[in-house]
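These notes concern the structure reproduced below.
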Amino acid sequence: MAGRLEGKVAVITGAGSGIGASMAELFCREGAKVIAADISSQQKSVAGKIGGSCVPVHADVAKSADVQAMLYRAVSEFGRLDILVNNAAIDGEMLPTGEYSEEEFDRVWGINGRSVFLAMRYGIPLMLANGGGSIVNVSSMASIVAFPTMPAYCAAKGAVSMMTKVTAVEYATQGIRANVICPGAVVTGITKHMPAEYIDNVKASTPMGRMASPSEIAMLGLFLASDESSFMTGSLIAIDGGYTSL
(Lines give C-alpha, C1' and ligand atoms only; values in the text may rest on other atoms or scores of the structure.)
Protein backbone atom coordinates (compact mmCIF):
# COMPACT_ATOMS: atom_id res chain seq x y z
CA MET A 1 0.00 0.00 0.00
CA ALA A 2 1.37 3.42 -0.98
CA GLY A 3 2.25 5.89 1.75
CA ARG A 4 0.33 9.08 2.35
CA LEU A 5 3.13 11.15 0.76
CA GLU A 6 4.15 8.74 -1.96
CA GLY A 7 5.96 10.55 -4.78
CA LYS A 8 6.17 13.85 -2.89
CA VAL A 9 9.33 15.86 -2.24
CA ALA A 10 9.62 17.86 0.96
CA VAL A 11 12.00 20.39 2.48
CA ILE A 12 11.97 20.52 6.28
CA THR A 13 13.93 23.13 8.22
CA GLY A 14 15.14 22.58 11.75
CA ALA A 15 15.32 18.88 10.89
CA GLY A 16 18.29 18.10 13.11
CA SER A 17 16.20 17.44 16.20
CA GLY A 18 12.79 17.70 17.81
CA ILE A 19 9.74 18.31 15.64
CA GLY A 20 11.74 18.65 12.44
CA ALA A 21 13.55 15.35 12.92
CA SER A 22 10.27 13.59 13.73
CA MET A 23 8.67 15.03 10.59
CA ALA A 24 11.62 13.96 8.43
CA GLU A 25 11.38 10.38 9.69
CA LEU A 26 7.58 10.25 9.41
CA PHE A 27 7.42 11.84 5.96
CA CYS A 28 9.99 9.41 4.58
CA ARG A 29 8.16 6.49 6.13
CA GLU A 30 5.04 7.69 4.31
CA GLY A 31 6.83 7.69 0.94
CA ALA A 32 8.28 11.21 0.61
CA LYS A 33 11.78 12.23 -0.37
CA VAL A 34 13.07 14.77 2.15
CA ILE A 35 15.68 17.50 2.30
CA ALA A 36 16.52 17.71 6.00
CA ALA A 37 17.94 21.18 6.62
CA ASP A 38 19.59 22.41 9.80
CA ILE A 39 22.53 24.51 10.97
CA SER A 40 23.60 22.14 13.74
CA SER A 41 25.00 19.24 11.65
CA GLN A 42 22.66 16.92 13.56
CA GLN A 43 20.66 16.57 10.34
CA LYS A 44 23.40 14.25 9.12
CA SER A 45 22.64 11.80 11.91
CA VAL A 46 18.91 12.07 11.26
CA ALA A 47 19.35 11.38 7.54
CA GLY A 48 21.79 8.56 8.25
CA LYS A 49 19.18 6.75 10.33
CA ILE A 50 16.49 7.23 7.68
CA GLY A 51 18.47 6.27 4.58
CA GLY A 52 18.64 7.41 0.97
CA SER A 53 15.21 9.03 0.90
CA CYS A 54 16.51 11.77 3.23
CA VAL A 55 19.31 14.15 2.21
CA PRO A 56 20.93 16.35 4.88
CA VAL A 57 21.66 19.97 3.99
CA HIS A 58 23.47 22.59 6.06
CA ALA A 59 21.52 25.85 6.02
CA ASP A 60 21.36 29.06 8.01
CA VAL A 61 17.71 29.85 7.38
CA ALA A 62 18.22 33.53 8.18
CA LYS A 63 20.41 33.85 5.07
CA SER A 64 18.77 34.14 1.67
CA ALA A 65 21.57 32.34 -0.19
CA ASP A 66 21.36 29.35 2.16
CA VAL A 67 17.58 29.16 1.87
CA GLN A 68 17.69 29.27 -1.92
CA ALA A 69 20.40 26.60 -2.06
CA MET A 70 18.37 24.42 0.31
CA LEU A 71 15.27 24.67 -1.87
CA TYR A 72 17.08 24.14 -5.15
CA ARG A 73 18.70 21.05 -3.65
CA ALA A 74 15.26 19.46 -3.59
CA VAL A 75 14.96 20.02 -7.32
CA SER A 76 18.48 18.88 -8.13
CA GLU A 77 18.19 15.74 -5.97
CA PHE A 78 14.58 14.75 -6.54
CA GLY A 79 13.29 16.87 -9.43
CA ARG A 80 10.60 18.92 -7.71
CA LEU A 81 9.29 20.58 -4.55
CA ASP A 82 5.84 19.61 -3.23
CA ILE A 83 6.00 20.25 0.51
CA LEU A 84 7.71 23.00 2.50
CA VAL A 85 7.85 22.79 6.29
CA ASN A 86 9.22 25.89 8.00
CA ASN A 87 10.03 24.59 11.45
CA ALA A 88 13.42 26.04 12.43
CA ALA A 89 13.24 28.34 15.47
CA ILE A 90 14.99 29.55 18.60
CA ASP A 91 13.57 30.95 21.81
CA GLY A 92 16.06 33.79 22.39
CA GLU A 93 16.73 35.64 25.62
CA MET A 94 13.99 35.80 28.21
CA LEU A 95 13.73 39.44 29.26
CA PRO A 96 10.96 42.04 29.53
CA THR A 97 10.43 44.21 26.47
CA GLY A 98 11.97 47.26 28.16
CA GLU A 99 15.21 45.35 28.69
CA TYR A 100 15.37 43.41 25.42
CA SER A 101 18.33 44.20 23.17
CA GLU A 102 17.87 45.19 19.55
CA GLU A 103 20.54 42.70 18.52
CA GLU A 104 18.74 39.78 20.17
CA PHE A 105 15.40 40.83 18.70
CA ASP A 106 16.95 40.88 15.23
CA ARG A 107 18.55 37.48 15.79
CA VAL A 108 15.28 35.85 16.85
CA TRP A 109 13.36 37.56 14.05
CA GLY A 110 15.89 36.39 11.46
CA ILE A 111 15.53 32.73 12.38
CA ASN A 112 11.88 32.59 13.44
CA GLY A 113 10.28 35.13 11.12
CA ARG A 114 12.38 36.27 8.18
CA SER A 115 13.36 32.69 7.38
CA VAL A 116 9.73 31.77 6.78
CA PHE A 117 9.32 34.64 4.34
CA LEU A 118 12.51 33.66 2.52
CA ALA A 119 11.51 30.02 2.20
CA MET A 120 8.05 30.90 0.89
CA ARG A 121 9.45 33.61 -1.39
CA TYR A 122 11.79 31.19 -3.16
CA GLY A 123 9.86 27.97 -2.62
CA ILE A 124 6.54 29.09 -4.09
CA PRO A 125 7.87 29.51 -7.65
CA LEU A 126 9.27 25.97 -7.49
CA MET A 127 5.90 24.65 -6.32
CA LEU A 128 4.04 26.54 -9.03
CA ALA A 129 6.26 24.89 -11.62
CA ASN A 130 4.79 21.54 -10.50
CA GLY A 131 1.20 22.74 -10.25
CA GLY A 132 1.15 23.48 -6.53
CA GLY A 133 2.08 22.11 -3.13
CA SER A 134 1.58 22.36 0.61
CA ILE A 135 3.29 24.79 2.96
CA VAL A 136 3.28 23.90 6.65
CA ASN A 137 4.57 26.65 8.92
CA VAL A 138 5.27 25.82 12.54
CA SER A 139 4.24 28.79 14.65
CA SER A 140 3.36 28.49 18.34
CA MET A 141 0.60 29.02 20.85
CA ALA A 142 2.75 32.08 21.60
CA SER A 143 1.21 33.57 18.46
CA ILE A 144 -2.22 33.31 20.13
CA VAL A 145 -1.54 34.20 23.76
CA ALA A 146 1.19 36.27 25.40
CA PHE A 147 4.25 34.84 27.11
CA PRO A 148 5.96 37.45 29.29
CA THR A 149 9.73 37.88 28.78
CA MET A 150 9.50 36.48 25.23
CA PRO A 151 8.66 39.56 23.12
CA ALA A 152 10.80 38.64 20.12
CA TYR A 153 9.63 35.04 20.01
CA CYS A 154 5.95 35.97 20.31
CA ALA A 155 6.29 38.74 17.71
CA ALA A 156 7.98 36.46 15.18
CA LYS A 157 5.51 33.62 15.69
CA GLY A 158 2.61 36.02 15.30
CA ALA A 159 4.13 37.22 12.04
CA VAL A 160 4.46 33.63 10.81
CA SER A 161 0.76 33.08 11.31
CA MET A 162 -0.23 36.19 9.37
CA MET A 163 2.29 35.63 6.56
CA THR A 164 0.80 32.19 6.15
CA LYS A 165 -2.75 33.52 5.92
CA VAL A 166 -1.71 36.07 3.30
CA THR A 167 0.07 33.39 1.27
CA ALA A 168 -2.91 31.05 1.53
CA VAL A 169 -5.23 33.68 0.07
CA GLU A 170 -2.79 34.73 -2.65
CA TYR A 171 -2.28 31.22 -4.04
CA ALA A 172 -5.58 29.50 -3.20
CA THR A 173 -6.52 29.12 -6.87
CA GLN A 174 -3.03 28.10 -7.99
CA GLY A 175 -2.73 24.80 -6.20
CA ILE A 176 -0.74 25.97 -3.19
CA ARG A 177 -2.10 25.51 0.32
CA ALA A 178 -0.53 27.12 3.39
CA ASN A 179 -1.41 26.27 6.97
CA VAL A 180 -0.03 26.92 10.43
CA ILE A 181 0.64 24.55 13.30
CA CYS A 182 0.56 26.25 16.72
CA PRO A 183 2.13 23.82 19.19
CA GLY A 184 1.99 24.19 22.91
CA ALA A 185 4.90 23.11 25.08
CA VAL A 186 6.84 20.32 23.35
CA VAL A 187 9.77 18.28 24.64
CA THR A 188 12.48 19.77 22.39
CA GLY A 189 15.86 21.45 22.74
CA ILE A 190 14.15 24.81 23.23
CA THR A 191 12.06 23.78 26.22
CA LYS A 192 14.80 21.65 27.75
CA HIS A 193 16.98 24.68 28.47
CA MET A 194 14.21 27.02 29.58
CA PRO A 195 13.94 27.69 33.33
CA ALA A 196 12.30 24.74 35.04
CA GLU A 197 9.79 26.94 36.85
CA TYR A 198 8.68 28.47 33.55
CA ILE A 199 7.97 25.07 32.04
CA ASP A 200 6.28 23.88 35.24
CA ASN A 201 3.92 26.86 35.09
CA VAL A 202 3.06 26.13 31.45
CA LYS A 203 2.34 22.47 32.22
CA ALA A 204 0.22 23.46 35.22
CA SER A 205 -1.81 25.75 32.95
CA THR A 206 -2.29 23.03 30.32
CA PRO A 207 -5.52 21.08 30.85
CA MET A 208 -3.83 17.83 29.78
CA GLY A 209 -1.14 18.52 32.39
CA ARG A 210 1.82 17.55 30.23
CA MET A 211 4.02 18.51 27.31
CA ALA A 212 3.70 17.08 23.81
CA SER A 213 6.19 14.77 22.18
CA PRO A 214 7.66 15.86 18.82
CA SER A 215 5.96 12.90 17.16
CA GLU A 216 2.53 14.20 18.15
CA ILE A 217 3.21 17.47 16.31
CA ALA A 218 4.70 15.58 13.36
CA MET A 219 1.44 13.67 12.86
CA LEU A 220 -0.43 16.94 12.36
CA GLY A 221 2.29 18.06 9.96
CA LEU A 222 1.79 14.88 7.96
CA PHE A 223 -1.94 15.51 7.68
CA LEU A 224 -1.43 19.10 6.48
CA ALA A 225 1.26 18.04 4.01
CA SER A 226 -0.89 15.29 2.54
CA ASP A 227 -3.86 15.44 0.18
CA GLU A 228 -6.08 14.51 3.11
CA SER A 229 -6.22 18.20 4.01
CA SER A 230 -6.99 19.27 0.43
CA PHE A 231 -9.70 21.79 1.42
CA MET A 232 -7.65 23.38 4.19
CA THR A 233 -5.69 26.57 3.64
CA GLY A 234 -5.03 29.59 5.82
CA SER A 235 -5.86 27.58 8.96
CA LEU A 236 -4.17 28.08 12.32
CA ILE A 237 -4.37 24.83 14.27
CA ALA A 238 -3.56 24.78 17.97
CA ILE A 239 -2.11 21.53 19.23
CA ASP A 240 -1.48 22.56 22.81
CA GLY A 241 -3.20 20.19 25.21
CA GLY A 242 -5.97 22.75 25.66
CA TYR A 243 -3.75 25.63 26.82
CA THR A 244 -5.32 28.31 24.62
CA SER A 245 -8.86 27.10 25.42
CA LEU A 246 -8.71 28.53 28.93
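Labels used: A, B, ... for chains in the order of the C-alpha coordinates, numbers from 1 for residues in each chain, and numbers from 1 for ligands as shown.
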task: Skip A:Val61 itself and residues of its chain fewer than 2 positions away, then list as a PyMOL selection string all residues within 10 Å of it, counting only C-alpha atoms.
output: chain A and resi 13-14+37-39+58-59+63-68+70+86+88-89+110-116+118-119
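Residues in contact range of A:Lys165, defined as at most 8 Å between only C-alpha atoms, with sequence neighbours fewer than 4 positions away removed, read Ser161, Val169, Ala178, Asn179, Thr233, Gly234 and Ser235 of chain A.
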- request: Enumerate the residues of stretch 3-246 of chain A with a DSSP assignment of strand (DSSP E), computed from the backbone, and present them as a VMD selection string.
  value: chain A and resid 9 to 13 33 to 38 54 to 58 83 to 86 133 to 138 176 to 183 236 to 239
- request: Within 8 Å of A:Asn130, counting only C-alpha atoms, which residues show up once you throw out same-chain ones fewer than 3 positions away? Write them as a list in words, please.
  value: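 Residues near the query, excluding close chain neighbours: Arg80, Leu81, Asp82, Leu126, Met127 and Gly133 of chain A.
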- prompt: Within 9 Å of stretch 236-241 of chain A, counting only C-alpha atoms, which residues qualify if same-chain residues fewer than 3 places away don't, as a list in words?
  reply: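 Skipping anything fewer than 3 positions along the chain leaves Ser139, Ser140, Met141, Ile144, Ser161, Thr164, Lys165, Asn179, Val180, Ile181, Cys182, Pro183, Gly184, Ala185, Val186, Thr206, Pro207, Met208, Gly209, Arg210, Met211, Ala212, Glu216, Ile217, Leu220, Thr233, Thr244 and Ser245 of chain A.
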query: Which residue gives the smallest distance to A:Asp60 among A:Ser40, A:Ile35, A:Lys157, A:Lys203, with only C-alpha atoms counted?
result: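 Counting only C-alpha atoms, the residue closest to A:Asp60 is A:Ser40.
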query: What does the distance between atom CA of A:Gln42 and atom CA of A:Arg4 come to in Å, to one decimal place?
result: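 Here the two named atoms are 26.2 Å from each other.
The coordinates place atom CA of A:Asn137 at 23.6 Å from atom CA of A:Ser45.
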